[in-house]
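Just model.csv here, CSV, C-alpha atoms and all ligand atoms:
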chain,number,residue,atom,x,y,z
A,967,MET,CA,-125.6,-23.9,86.2
A,968,SER,CA,-126.1,-20.3,85.5
A,969,THR,CA,-124.5,-18.1,82.9
A,970,ASP,CA,-123.9,-15.2,85.2
A,971,GLY,CA,-125.8,-15.4,88.5
A,972,THR,CA,-123.3,-17.3,90.5
A,973,GLY,CA,-120.4,-17.5,88.2
A,974,GLY,CA,-117.7,-15.0,87.4
A,975,THR,CA,-115.0,-13.9,89.8
A,976,ASP,CA,-116.9,-13.1,92.9
A,977,GLY,CA,-120.1,-15.0,92.9
A,978,ALA,CA,-119.7,-18.5,94.1
A,979,GLY,CA,-119.7,-18.4,97.9
A,980,THR,CA,-116.8,-19.4,100.0
A,981,ALA,CA,-114.5,-21.1,97.5
A,982,ASP,CA,-110.9,-20.0,97.5
A,983,GLY,CA,-111.4,-17.9,100.6
A,984,ARG,CA,-113.5,-15.3,98.8
A,985,ARG,CA,-116.1,-13.5,100.8
A,986,PRO,CA,-119.4,-15.3,101.1
A,987,LEU,CA,-122.2,-14.5,98.7
A,988,VAL,CA,-125.1,-12.5,100.0
A,989,ALA,CA,-128.4,-12.9,98.2
A,990,ILE,CA,-131.0,-10.1,98.6
A,991,LEU,CA,-134.6,-11.1,97.8
A,992,SER,CA,-136.6,-7.9,97.5
A,993,GLY,CA,-140.4,-7.4,97.3
A,994,ALA,CA,-142.8,-4.5,97.1
A,995,GLY,CA,-142.0,-3.4,100.6
A,996,ILE,CA,-138.5,-2.1,99.6
A,997,SER,CA,-140.0,0.3,97.1
A,998,THR,CA,-142.9,1.8,99.1
A,999,ASP,CA,-140.6,4.5,100.4
A,1000,SER,CA,-140.1,5.5,96.8
A,1001,GLY,CA,-143.8,6.0,96.3
A,1002,ILE,CA,-144.6,2.7,94.6
A,1003,PRO,CA,-147.4,0.8,96.2
A,1004,ASP,CA,-147.7,-2.9,96.4
A,1005,TYR,CA,-149.5,-3.7,93.2
A,1006,ARG,CA,-149.0,-7.4,92.8
A,1007,GLY,CA,-148.8,-9.0,96.3
A,1008,PRO,CA,-151.6,-11.0,98.0
A,1009,ASN,CA,-153.0,-7.7,99.4
A,1010,GLY,CA,-151.8,-5.6,96.5
A,1011,VAL,CA,-153.7,-3.0,94.6
A,1012,TRP,CA,-154.3,-5.2,91.6
A,1013,ARG,CA,-155.6,-8.2,93.6
A,1014,LYS,CA,-158.1,-6.0,95.3
A,1015,ASP,CA,-159.5,-4.5,92.1
A,1016,PRO,CA,-160.6,-7.0,89.5
A,1017,GLU,CA,-160.9,-4.3,86.8
A,1018,ALA,CA,-157.3,-3.1,87.5
A,1019,GLU,CA,-156.1,-6.7,87.5
A,1020,LYS,CA,-157.4,-7.2,84.0
A,1021,LEU,CA,-155.0,-4.5,82.8
A,1022,VAL,CA,-152.1,-6.7,83.7
A,1023,THR,CA,-153.7,-10.1,82.9
A,1024,TYR,CA,-152.3,-11.5,79.7
A,1025,ALA,CA,-155.5,-13.0,78.2
A,1026,TYR,CA,-157.5,-9.8,78.7
A,1027,TYR,CA,-154.7,-7.6,77.5
A,1028,MET,CA,-154.2,-9.6,74.3
A,1029,SER,CA,-157.8,-9.9,73.4
A,1030,ASP,CA,-159.3,-6.5,74.3
A,1031,PRO,CA,-157.9,-3.3,72.8
A,1032,GLN,CA,-159.9,-1.3,75.4
A,1033,VAL,CA,-157.9,-3.1,78.1
A,1034,ARG,CA,-154.7,-2.2,76.4
A,1035,ARG,CA,-155.7,1.4,76.1
A,1036,ARG,CA,-156.5,1.6,79.8
A,1037,SER,CA,-153.3,-0.3,80.6
A,1038,TRP,CA,-151.1,2.3,78.7
A,1039,GLN,CA,-153.0,5.1,80.4
A,1040,MET,CA,-152.3,3.5,83.8
A,1041,ARG,CA,-148.6,3.3,83.0
A,1042,LEU,CA,-148.5,6.9,81.7
A,1043,ASN,CA,-150.0,8.2,84.9
A,1044,GLY,CA,-148.4,5.8,87.3
A,1045,PRO,CA,-145.5,6.5,89.6
A,1046,ALA,CA,-143.1,3.8,88.4
A,1047,LEU,CA,-141.0,5.6,85.9
A,1048,ARG,CA,-140.7,8.8,88.0
A,1049,ALA,CA,-139.7,7.0,91.2
A,1050,ARG,CA,-136.2,7.3,92.7
A,1051,PRO,CA,-134.3,4.7,94.7
A,1052,ASN,CA,-134.5,5.1,98.5
A,1053,ALA,CA,-132.1,4.4,101.4
A,1054,ALA,CA,-132.7,0.7,101.2
A,1055,HIS,CA,-131.9,0.3,97.5
A,1056,GLU,CA,-128.8,2.5,98.1
A,1057,ALA,CA,-127.7,0.4,101.0
A,1058,VAL,CA,-127.8,-2.7,98.8
A,1059,ALA,CA,-125.7,-1.0,96.1
A,1060,ARG,CA,-123.3,0.2,98.7
A,1061,LEU,CA,-122.8,-3.3,100.1
A,1062,GLU,CA,-121.9,-4.5,96.6
A,1063,ARG,CA,-119.4,-1.6,96.1
A,1064,SER,CA,-117.8,-2.5,99.4
A,1065,GLY,CA,-116.5,-5.7,97.8
A,1066,VAL,CA,-119.1,-8.2,99.2
A,1067,PRO,CA,-120.4,-10.4,96.5
A,1068,VAL,CA,-124.1,-9.5,96.2
A,1069,ARG,CA,-126.8,-10.8,94.0
A,1070,VAL,CA,-130.3,-9.2,94.0
A,1071,ILE,CA,-133.4,-11.3,93.2
A,1072,THR,CA,-136.3,-8.9,93.0
A,1073,GLN,CA,-140.1,-9.3,92.6
A,1074,ASN,CA,-140.2,-5.7,91.7
A,1075,VAL,CA,-140.3,-4.3,88.1
A,1076,ASP,CA,-139.3,-0.7,89.0
A,1077,GLY,CA,-135.6,-1.0,88.2
A,1078,LEU,CA,-134.7,0.9,91.3
A,1079,HIS,CA,-131.9,-1.4,92.4
A,1080,GLN,CA,-130.1,-0.7,89.2
A,1081,MET,CA,-130.8,3.0,89.4
A,1082,ALA,CA,-129.2,3.0,92.8
A,1083,GLY,CA,-126.0,1.5,91.3
A,1084,MET,CA,-126.4,-2.3,91.4
A,1085,PRO,CA,-124.8,-3.6,88.2
A,1086,GLU,CA,-127.4,-4.8,85.7
A,1087,ARG,CA,-126.0,-8.3,85.6
A,1088,LYS,CA,-126.2,-8.8,89.3
A,1089,VAL,CA,-130.0,-8.1,89.5
A,1090,LEU,CA,-132.5,-10.8,88.6
A,1091,GLU,CA,-135.9,-9.5,87.9
A,1092,LEU,CA,-138.4,-12.4,88.5
A,1093,HIS,CA,-141.3,-10.4,87.2
A,1094,GLY,CA,-139.5,-8.6,84.4
A,1095,THR,CA,-139.2,-4.8,84.1
A,1096,ALA,CA,-141.7,-2.0,83.6
A,1097,ARG,CA,-138.9,0.1,82.0
A,1098,ALA,CA,-139.0,-1.8,78.7
A,1099,VAL,CA,-141.7,-3.0,76.3
A,1100,VAL,CA,-141.7,-6.2,74.3
A,1101,CYS,CA,-143.5,-7.1,71.1
A,1102,THR,CA,-145.8,-10.2,71.6
A,1103,ALA,CA,-145.3,-11.1,67.9
A,1104,CYS,CA,-141.6,-10.6,67.1
A,1105,SER,CA,-140.1,-10.2,70.6
A,1106,ALA,CA,-138.4,-6.9,69.7
A,1107,ARG,CA,-137.7,-4.9,72.9
A,1108,SER,CA,-137.6,-1.1,73.3
A,1109,GLU,CA,-137.9,1.5,76.0
A,1110,MET,CA,-141.1,2.0,77.9
A,1111,ALA,CA,-140.4,5.7,78.0
A,1112,GLU,CA,-140.5,5.8,74.2
A,1113,ALA,CA,-143.8,3.8,74.0
A,1114,LEU,CA,-145.3,6.2,76.6
A,1115,ARG,CA,-144.2,9.2,74.5
A,1116,ARG,CA,-146.3,7.7,71.7
A,1117,VAL,CA,-149.2,7.3,74.0
A,1118,ALA,CA,-148.9,10.8,75.3
A,1119,ALA,CA,-148.7,12.1,71.7
A,1120,GLY,CA,-152.1,10.5,70.9
A,1121,ASP,CA,-151.5,6.8,70.0
A,1122,PRO,CA,-153.7,5.0,72.5
A,1123,ASP,CA,-152.4,1.5,71.8
A,1124,PRO,CA,-149.0,1.8,70.2
A,1125,ALA,CA,-148.0,-1.2,68.0
A,1126,CYS,CA,-144.6,-2.7,67.4
A,1127,GLU,CA,-142.6,-0.4,65.1
A,1128,GLU,CA,-140.9,-3.5,63.6
A,1129,CYS,CA,-143.9,-5.7,62.8
A,1130,GLY,CA,-147.1,-4.0,63.9
A,1131,GLY,CA,-147.7,-6.6,66.6
A,1132,VAL,CA,-149.2,-6.0,70.0
A,1133,LEU,CA,-146.7,-4.3,72.4
A,1134,LYS,CA,-146.7,-5.0,76.1
A,1135,SER,CA,-144.7,-4.0,79.1
A,1136,ALA,CA,-141.7,-6.3,79.6
A,1137,THR,CA,-143.2,-7.4,82.9
A,1138,VAL,CA,-144.6,-10.8,83.6
A,1139,MET,CA,-148.3,-10.4,83.5
A,1140,PHE,CA,-150.8,-12.5,85.4
A,1141,GLY,CA,-151.2,-15.6,83.3
A,1142,GLU,CA,-147.7,-15.5,81.9
A,1143,PRO,CA,-144.9,-17.9,82.9
A,1144,LEU,CA,-141.8,-16.6,84.6
A,1145,ASP,CA,-138.7,-16.6,82.5
A,1146,PRO,CA,-137.1,-20.1,83.2
A,1147,ARG,CA,-133.6,-18.7,82.7
A,1148,VAL,CA,-134.1,-16.1,85.4
A,1149,LEU,CA,-135.8,-18.5,87.7
A,1150,GLY,CA,-132.9,-21.0,87.2
A,1151,GLU,CA,-130.4,-18.4,88.1
A,1152,ALA,CA,-132.4,-17.4,91.2
A,1153,VAL,CA,-132.5,-21.0,92.4
A,1154,ALA,CA,-128.7,-21.3,91.8
A,1155,ILE,CA,-128.1,-18.2,93.9
A,1156,ALA,CA,-130.4,-19.4,96.7
A,1157,ARG,CA,-128.4,-22.7,96.8
A,1158,ALA,CA,-125.0,-21.0,96.7
A,1159,CYS,CA,-125.4,-18.1,99.0
A,1160,GLU,CA,-124.2,-17.9,102.6
A,1161,VAL,CA,-126.6,-15.2,103.7
A,1162,PHE,CA,-130.1,-14.8,102.3
A,1163,VAL,CA,-131.9,-11.5,103.1
A,1164,ALA,CA,-135.6,-11.4,102.3
A,1165,VAL,CA,-136.7,-7.8,102.4
A,1166,GLY,CA,-140.1,-6.3,102.0
A,1167,THR,CA,-141.7,-9.5,100.8
A,1168,SER,CA,-144.5,-11.5,102.4
A,1169,LEU,CA,-142.9,-14.8,101.2
A,1170,GLN,CA,-146.4,-15.9,100.2
A,1171,VAL,CA,-146.0,-15.8,96.5
A,1172,GLN,CA,-144.0,-18.3,94.4
A,1173,PRO,CA,-141.2,-18.5,93.5
A,1174,ALA,CA,-140.0,-16.0,96.1
A,1175,ALA,CA,-141.2,-18.2,99.0
A,1176,SER,CA,-139.5,-21.3,97.7
A,1177,LEU,CA,-136.2,-19.5,97.2
A,1178,ALA,CA,-136.1,-18.6,100.9
A,1179,GLY,CA,-136.7,-22.3,101.7
A,1180,ILE,CA,-134.1,-23.5,99.3
A,1181,ALA,CA,-131.5,-21.1,100.8
A,1182,ALA,CA,-132.3,-22.2,104.3
A,1183,GLY,CA,-132.2,-25.8,103.2
A,1184,HIS,CA,-128.7,-25.3,101.8
A,1185,GLY,CA,-127.5,-23.9,105.1
A,1186,ALA,CA,-127.7,-20.1,104.4
A,1187,ARG,CA,-128.3,-17.8,107.2
A,1188,LEU,CA,-131.9,-16.5,106.5
A,1189,VAL,CA,-132.7,-12.9,107.6
A,1190,ILE,CA,-136.2,-11.6,107.1
A,1191,VAL,CA,-136.9,-7.8,107.1
A,1192,ASN,CA,-140.6,-7.3,106.7
A,1193,ALA,CA,-143.3,-5.5,108.6
A,1194,GLU,CA,-145.6,-8.5,108.8
A,1195,PRO,CA,-144.9,-12.1,109.8
A,1196,THR,CA,-144.0,-14.5,107.0
A,1197,PRO,CA,-144.3,-18.3,106.7
A,1198,TYR,CA,-140.5,-18.5,106.9
A,1199,ASP,CA,-140.0,-16.6,110.1
A,1200,ALA,CA,-139.4,-19.8,112.1
A,1201,LEU,CA,-136.5,-20.8,109.8
A,1202,ALA,CA,-134.9,-17.4,110.0
A,1203,GLU,CA,-131.8,-16.6,112.1
A,1204,ARG,CA,-133.1,-13.1,112.5
A,1205,VAL,CA,-136.4,-11.4,111.9
A,1206,VAL,CA,-136.5,-7.6,111.7
A,1207,ARG,CA,-139.8,-5.7,111.9
A,1208,GLU,CA,-138.5,-2.2,111.9
A,1209,PRO,CA,-139.1,0.1,108.8
A,1210,ILE,CA,-137.0,-1.1,105.9
A,1211,GLY,CA,-135.4,2.3,105.2
A,1212,GLN,CA,-133.7,2.3,108.5
A,1213,ALA,CA,-133.4,-1.4,109.3
A,1214,LEU,CA,-131.8,-2.6,106.0
A,1215,PRO,CA,-128.9,-0.1,105.9
A,1216,ALA,CA,-128.0,-1.0,109.5
A,1217,LEU,CA,-128.2,-4.7,108.8
A,1218,LEU,CA,-126.1,-4.5,105.6
A,1219,ARG,CA,-123.4,-2.3,107.4
A,1220,GLU,CA,-123.1,-5.3,109.8
A,1221,LEU,CA,-122.7,-7.7,106.9
A,1222,ALA,CA,-120.1,-5.5,105.2
A,1223,ALA,CA,-118.1,-5.3,108.4
A,1224,GLY,CA,-118.1,-9.1,108.3
A,1301,ZN,ZN,-142.9,-6.9,66.6
Let me see the file written as structure tokens.
Amino acid sequence: MSTDGTGGTDGAGTADGRRPLVAILSGAGISTDSGIPDYRGPNGVWRKDPEAEKLVTYAYYMSDPQVRRRSWQMRLNGPALRARPNAAHEAVARLERSGVPVRVITQNVDGLHQMAGMPERKVLELHGTARAVVCTACSARSEMAEALRRVAAGDPDPACEECGGVLKSATVMFGEPLDPRVLGEAVAIARACEVFVAVGTSLQVQPAASLAGIAAGHGARLVIVNAEPTPYDALAERVVREPIGQALPALLRELAAG
């Protein structure tokens, strides 16, 4: 099974009388209060703008230095690295600190769950992270902030400092596969959890949608917190349409109270 996702001392559901595992699947909607728009979703910024979508599409990025230059400028000027966690991210971290076993599976690349206090090892980033860069030749990883300092200092397309290869954001671009290890852990969590809370996600993009189905199929209580209807609403024990920043903290307080 997983190396860390559901293992360890507090992760595996109801065995030995431990408190049941709560899985939180978060999408773009949890971060809009932090000033980060929905880039990637079916109605996201990138999907509506073919030129912008090229900046995060692997084949264009790798083949066209102009695309890379614009992509670095987009990141330099974008809100992602300046954003702060909001009440919803903080509520998730608070639930974890209260002793409830929590795993976060996120479609977001902003790192705000961890910044709010979720332990790194309890957050699975399906689409990677915009806080790191990776070399496409030698796989060396380094900080996005450092790469952006080089861009700001006048290097329009910073190359890997180890090998000179093309650097890219450590996010999963369009046209790139998801990390099978991360996906495997997410599936294991969906199977093992007692409560599966899908928050701020339209559940229209794989693999997020299938995770909700897997959780419900394994008997988890499915709770959906999203402004718009999702294809899984009929399977949910509860559907919440109120704004996430208020609804999620209230919901998670209930869960913490048991
Ligand atoms: Zn390299």
Give the answer as one residue: which of A:Cys1129, A:Ala1111, A:Ala994, A:Ala1046 has the shortest atom-to-atom distance to ligand ZN 1301 (chain A), using all atoms listed in the file? A:Cys1129
Determine, counting all atoms listed in the file, which protein, DNA and RNA residues have an atom within 6 Å of an atom of stretch 986-989 of chain A; residues of the same chain fewer than 5 positions away are not included. Present the result as an MDAnalysis selection string. chainID A and resid 979:980 1067:1070 1159:1162
Pick out the residues no farther than 7 Å from ligand ZN 1301 (chain A), counting only C-alpha atoms and all ligand atoms, and list them as a list in words.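 Final answer, ordered by chain and number: Cys1101, Thr1102, Ala1103, Cys1104, Ser1105, Ala1106, Cys1126, Glu1127, Glu1128, Cys1129, Gly1130 and Gly1131 of chain A.
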Closest pair table for stretch 1130-1215 of chain A residues within 10 Å of stretch 1005-1025 of chain A, all atoms listed in the file, as CSV:
residue,atom,partner,partner_atom,distance
A:Lys1134,CA,A:Tyr1024,CA,9.3
A:Ser1135,CA,A:Val1022,CA,9.1
A:Thr1137,CA,A:Val1022,CA,9.0
A:Val1138,CA,A:Val1022,CA,8.5
A:Met1139,CA,A:Val1022,CA,5.3
A:Phe1140,CA,A:Thr1023,CA,4.5
A:Gly1141,CA,A:Tyr1024,CA,5.6
A:Glu1142,CA,A:Tyr1024,CA,6.5
A:Thr1167,CA,A:Gly1007,CA,8.4
A:Ser1168,CA,A:Gly1007,CA,7.9
A:Leu1169,CA,A:Gly1007,CA,9.6
A:Gln1170,CA,A:Pro1008,CA,7.5
A:Val1171,CA,A:Gly1007,CA,7.4
Check the smallest atom-to-atom distance from each of A:Ala1182, A:Leu1177, A:Leu1133, A:Ala1098 to A:Pro1031 using only C-alpha atoms, then report the winner.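 Looking only at the distances to A:Pro1031, the closest residue turns out to be A:Leu1133.
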Atom CA of A:Ala1213 and atom CA of A:Thr1196 are how many Å apart?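 If I compute the distance from atom CA of A:Ala1213 to atom CA of A:Thr1196, I get 17.0 Å.
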Quote the spacing between atom CA of A:Arg1036 and atom CA of A:Ala1118 in Å to one decimal place.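 Computed distance, atom CA of A:Arg1036 to atom CA of A:Ala1118, equals 12.8 Å.
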Point out the residue among A:Glu1220, A:Glu1194, A:Asp1145, A:Asp1123 with the least atom-to-atom distance to A:His1093, counting all atoms listed in the file.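 The answer is A:Asp1145, which sits nearest to A:His1093.
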How far is it from atom CA of A:Arg985 to atom CA of A:Leu1221, in Å with one decimal?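 Separation of atom CA of A:Arg985 and atom CA of A:Leu1221: 10.7 Å.
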Find the spatial neighbours of A:Val1206, counting all atoms listed in the file, within a cut-off of 12 Å - ignore same-chain residues fewer than 4 positions away - and output them as a PDB file with C-alpha atoms, in the frame of the given file.
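The result, written out as result_35.pdb:
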ATOM      1  CA  VAL A1163    -131.900 -11.500 103.100  1.00  0.00           C
ATOM      2  CA  ALA A1164    -135.600 -11.400 102.300  1.00  0.00           C
ATOM      3  CA  VAL A1165    -136.700  -7.800 102.400  1.00  0.00           C
ATOM      4  CA  GLY A1166    -140.100  -6.300 102.000  1.00  0.00           C
ATOM      5  CA  LEU A1188    -131.900 -16.500 106.500  1.00  0.00           C
ATOM      6  CA  VAL A1189    -132.700 -12.900 107.600  1.00  0.00           C
ATOM      7  CA  ILE A1190    -136.200 -11.600 107.100  1.00  0.00           C
ATOM      8  CA  VAL A1191    -136.900  -7.800 107.100  1.00  0.00           C
ATOM      9  CA  ASN A1192    -140.600  -7.300 106.700  1.00  0.00           C
ATOM     10  CA  ALA A1193    -143.300  -5.500 108.600  1.00  0.00           C
ATOM     11  CA  GLU A1194    -145.600  -8.500 108.800  1.00  0.00           C
ATOM     12  CA  PRO A1195    -144.900 -12.100 109.800  1.00  0.00           C
ATOM     13  CA  THR A1196    -144.000 -14.500 107.000  1.00  0.00           C
ATOM     14  CA  ASP A1199    -140.000 -16.600 110.100  1.00  0.00           C
ATOM     15  CA  ALA A1202    -134.900 -17.400 110.000  1.00  0.00           C
ATOM     16  CA  ILE A1210    -137.000  -1.100 105.900  1.00  0.00           C
ATOM     17  CA  GLY A1211    -135.400   2.300 105.200  1.00  0.00           C
ATOM     18  CA  GLN A1212    -133.700   2.300 108.500  1.00  0.00           C
ATOM     19  CA  ALA A1213    -133.400  -1.400 109.300  1.00  0.00           C
ATOM     20  CA  LEU A1214    -131.800  -2.600 106.000  1.00  0.00           C
ATOM     21  CA  ALA A1216    -128.000  -1.000 109.500  1.00  0.00           C
ATOM     22  CA  LEU A1217    -128.200  -4.700 108.800  1.00  0.00           C
TER      23      LEU A1217
END
Need to verify the contact set: A:Pro1122, 6 Å, all atoms listed in the file, exclusion of same-chain residues closer than 2 positions in sequence. Can you return it as a short mmCIF file (atom, residue, chain, number, x, y, z; two decimals) with C-alpha atoms, keeping the file's coordinate frame?
data_model
loop_
_atom_site.label_atom_id
_atom_site.label_comp_id
_atom_site.auth_asym_id
_atom_site.auth_seq_id
_atom_site.Cartn_x
_atom_site.Cartn_y
_atom_site.Cartn_z
CA ARG A 1035 -155.70 1.40 76.10
CA VAL A 1117 -149.20 7.30 74.00
CA GLY A 1120 -152.10 10.50 70.90
#
List every protein, DNA or RNA residue that has an atom no more than 9 Å from (-136.1, 3.6, 90.6) in the file's coordinate frame, counting all atoms listed in the file, and report them as a PDB file with C-alpha atoms, in the coordinates of the input.
ATOM      1  CA  SER A 997    -140.000   0.300  97.100  1.00  0.00           C
ATOM      2  CA  SER A1000    -140.100   5.500  96.800  1.00  0.00           C
ATOM      3  CA  ALA A1046    -143.100   3.800  88.400  1.00  0.00           C
ATOM      4  CA  LEU A1047    -141.000   5.600  85.900  1.00  0.00           C
ATOM      5  CA  ARG A1048    -140.700   8.800  88.000  1.00  0.00           C
ATOM      6  CA  ALA A1049    -139.700   7.000  91.200  1.00  0.00           C
ATOM      7  CA  ARG A1050    -136.200   7.300  92.700  1.00  0.00           C
ATOM      8  CA  PRO A1051    -134.300   4.700  94.700  1.00  0.00           C
ATOM      9  CA  ASN A1052    -134.500   5.100  98.500  1.00  0.00           C
ATOM     10  CA  HIS A1055    -131.900   0.300  97.500  1.00  0.00           C
ATOM     11  CA  ASP A1076    -139.300  -0.700  89.000  1.00  0.00           C
ATOM     12  CA  GLY A1077    -135.600  -1.000  88.200  1.00  0.00           C
ATOM     13  CA  LEU A1078    -134.700   0.900  91.300  1.00  0.00           C
ATOM     14  CA  HIS A1079    -131.900  -1.400  92.400  1.00  0.00           C
ATOM     15  CA  GLN A1080    -130.100  -0.700  89.200  1.00  0.00           C
ATOM     16  CA  MET A1081    -130.800   3.000  89.400  1.00  0.00           C
ATOM     17  CA  ALA A1082    -129.200   3.000  92.800  1.00  0.00           C
TER      18      ALA A1082
END
Across A:Leu1114, A:Ile996, A:Ile990, A:Leu1090, the smallest distance to A:Ala1178, with all atoms listed in the file counted, is shown by A:Ile990
Could you write stretch 1075-1094 of chain A as a PDB file, in the frame of the given file, with N, CA, C and O atoms rebuilt where they are missing?
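Here's the written file rebuild-v8.pdb:
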ATOM      1  N   VAL A1075    -140.565  -4.575  89.553  1.00  0.00           N
ATOM      2  CA  VAL A1075    -140.300  -4.300  88.100  1.00  0.00           C
ATOM      3  C   VAL A1075    -139.906  -2.846  87.925  1.00  0.00           C
ATOM      4  O   VAL A1075    -139.902  -2.351  86.799  1.00  0.00           O
ATOM      5  N   ASP A1076    -139.522  -2.181  89.029  1.00  0.00           N
ATOM      6  CA  ASP A1076    -139.300  -0.700  89.000  1.00  0.00           C
ATOM      7  C   ASP A1076    -137.874  -0.337  88.571  1.00  0.00           C
ATOM      8  O   ASP A1076    -137.611   0.839  88.330  1.00  0.00           O
ATOM      9  N   GLY A1077    -136.942  -1.286  88.561  1.00  0.00           N
ATOM     10  CA  GLY A1077    -135.600  -1.000  88.200  1.00  0.00           C
ATOM     11  C   GLY A1077    -134.802  -0.128  89.168  1.00  0.00           C
ATOM     12  O   GLY A1077    -133.727   0.386  88.851  1.00  0.00           O
ATOM     13  N   LEU A1078    -135.310   0.007  90.386  1.00  0.00           N
ATOM     14  CA  LEU A1078    -134.700   0.900  91.300  1.00  0.00           C
ATOM     15  C   LEU A1078    -133.359   0.403  91.907  1.00  0.00           C
ATOM     16  O   LEU A1078    -132.494   1.192  92.285  1.00  0.00           O
ATOM     17  N   HIS A1079    -133.188  -0.910  91.973  1.00  0.00           N
ATOM     18  CA  HIS A1079    -131.900  -1.400  92.400  1.00  0.00           C
ATOM     19  C   HIS A1079    -130.776  -0.981  91.449  1.00  0.00           C
ATOM     20  O   HIS A1079    -129.709  -0.537  91.879  1.00  0.00           O
ATOM     21  N   GLN A1080    -131.059  -1.118  90.140  1.00  0.00           N
ATOM     22  CA  GLN A1080    -130.100  -0.700  89.200  1.00  0.00           C
ATOM     23  C   GLN A1080    -129.840   0.792  89.178  1.00  0.00           C
ATOM     24  O   GLN A1080    -128.708   1.264  89.072  1.00  0.00           O
ATOM     25  N   MET A1081    -130.926   1.538  89.336  1.00  0.00           N
ATOM     26  CA  MET A1081    -130.800   3.000  89.400  1.00  0.00           C
ATOM     27  C   MET A1081    -129.959   3.442  90.577  1.00  0.00           C
ATOM     28  O   MET A1081    -129.262   4.452  90.530  1.00  0.00           O
ATOM     29  N   ALA A1082    -129.996   2.644  91.643  1.00  0.00           N
ATOM     30  CA  ALA A1082    -129.200   3.000  92.800  1.00  0.00           C
ATOM     31  C   ALA A1082    -127.738   2.588  92.653  1.00  0.00           C
ATOM     32  O   ALA A1082    -126.907   2.945  93.497  1.00  0.00           O
ATOM     33  N   GLY A1083    -127.425   1.845  91.599  1.00  0.00           N
ATOM     34  CA  GLY A1083    -126.000   1.500  91.300  1.00  0.00           C
ATOM     35  C   GLY A1083    -125.692   0.042  91.295  1.00  0.00           C
ATOM     36  O   GLY A1083    -124.541  -0.319  91.056  1.00  0.00           O
ATOM     37  N   MET A1084    -126.671  -0.834  91.531  1.00  0.00           N
ATOM     38  CA  MET A1084    -126.400  -2.300  91.400  1.00  0.00           C
ATOM     39  C   MET A1084    -126.119  -2.544  89.900  1.00  0.00           C
ATOM     40  O   MET A1084    -126.909  -2.136  89.042  1.00  0.00           O
ATOM     41  N   PRO A1085    -125.020  -3.252  89.599  1.00  0.00           N
ATOM     42  CA  PRO A1085    -124.800  -3.600  88.200  1.00  0.00           C
ATOM     43  C   PRO A1085    -125.930  -4.436  87.643  1.00  0.00           C
ATOM     44  O   PRO A1085    -126.442  -5.322  88.318  1.00  0.00           O
ATOM     45  N   GLU A1086    -126.307  -4.120  86.420  1.00  0.00           N
ATOM     46  CA  GLU A1086    -127.400  -4.800  85.700  1.00  0.00           C
ATOM     47  C   GLU A1086    -127.323  -6.319  85.861  1.00  0.00           C
ATOM     48  O   GLU A1086    -128.295  -7.012  86.160  1.00  0.00           O
ATOM     49  N   ARG A1087    -126.113  -6.862  85.645  1.00  0.00           N
ATOM     50  CA  ARG A1087    -126.000  -8.300  85.600  1.00  0.00           C
ATOM     51  C   ARG A1087    -126.093  -8.984  86.942  1.00  0.00           C
ATOM     52  O   ARG A1087    -126.143 -10.202  87.039  1.00  0.00           O
ATOM     53  N   LYS A1088    -126.114  -8.198  88.004  1.00  0.00           N
ATOM     54  CA  LYS A1088    -126.200  -8.800  89.300  1.00  0.00           C
ATOM     55  C   LYS A1088    -127.648  -8.651  89.896  1.00  0.00           C
ATOM     56  O   LYS A1088    -127.872  -8.907  91.074  1.00  0.00           O
ATOM     57  N   VAL A1089    -128.579  -8.252  89.048  1.00  0.00           N
ATOM     58  CA  VAL A1089    -130.000  -8.100  89.500  1.00  0.00           C
ATOM     59  C   VAL A1089    -130.840  -9.056  88.610  1.00  0.00           C
ATOM     60  O   VAL A1089    -130.827  -8.966  87.382  1.00  0.00           O
ATOM     61  N   LEU A1090    -131.535  -9.943  89.270  1.00  0.00           N
ATOM     62  CA  LEU A1090    -132.500 -10.800  88.600  1.00  0.00           C
ATOM     63  C   LEU A1090    -133.879 -10.342  88.834  1.00  0.00           C
ATOM     64  O   LEU A1090    -134.313 -10.265  89.985  1.00  0.00           O
ATOM     65  N   GLU A1091    -134.588 -10.032  87.765  1.00  0.00           N
ATOM     66  CA  GLU A1091    -135.900  -9.500  87.900  1.00  0.00           C
ATOM     67  C   GLU A1091    -136.948 -10.625  87.613  1.00  0.00           C
ATOM     68  O   GLU A1091    -137.229 -10.944  86.460  1.00  0.00           O
ATOM     69  N   LEU A1092    -137.479 -11.207  88.680  1.00  0.00           N
ATOM     70  CA  LEU A1092    -138.400 -12.400  88.500  1.00  0.00           C
ATOM     71  C   LEU A1092    -139.599 -12.031  87.698  1.00  0.00           C
ATOM     72  O   LEU A1092    -140.117 -12.870  86.974  1.00  0.00           O
ATOM     73  N   HIS A1093    -140.079 -10.805  87.854  1.00  0.00           N
ATOM     74  CA  HIS A1093    -141.300 -10.400  87.200  1.00  0.00           C
ATOM     75  C   HIS A1093    -141.042  -9.435  86.018  1.00  0.00           C
ATOM     76  O   HIS A1093    -141.942  -8.720  85.590  1.00  0.00           O
ATOM     77  N   GLY A1094    -139.800  -9.410  85.540  1.00  0.00           N
ATOM     78  CA  GLY A1094    -139.500  -8.600  84.400  1.00  0.00           C
ATOM     79  C   GLY A1094    -139.297  -7.112  84.812  1.00  0.00           C
ATOM     80  O   GLY A1094    -139.073  -6.795  85.984  1.00  0.00           O
TER      81      GLY A1094
END
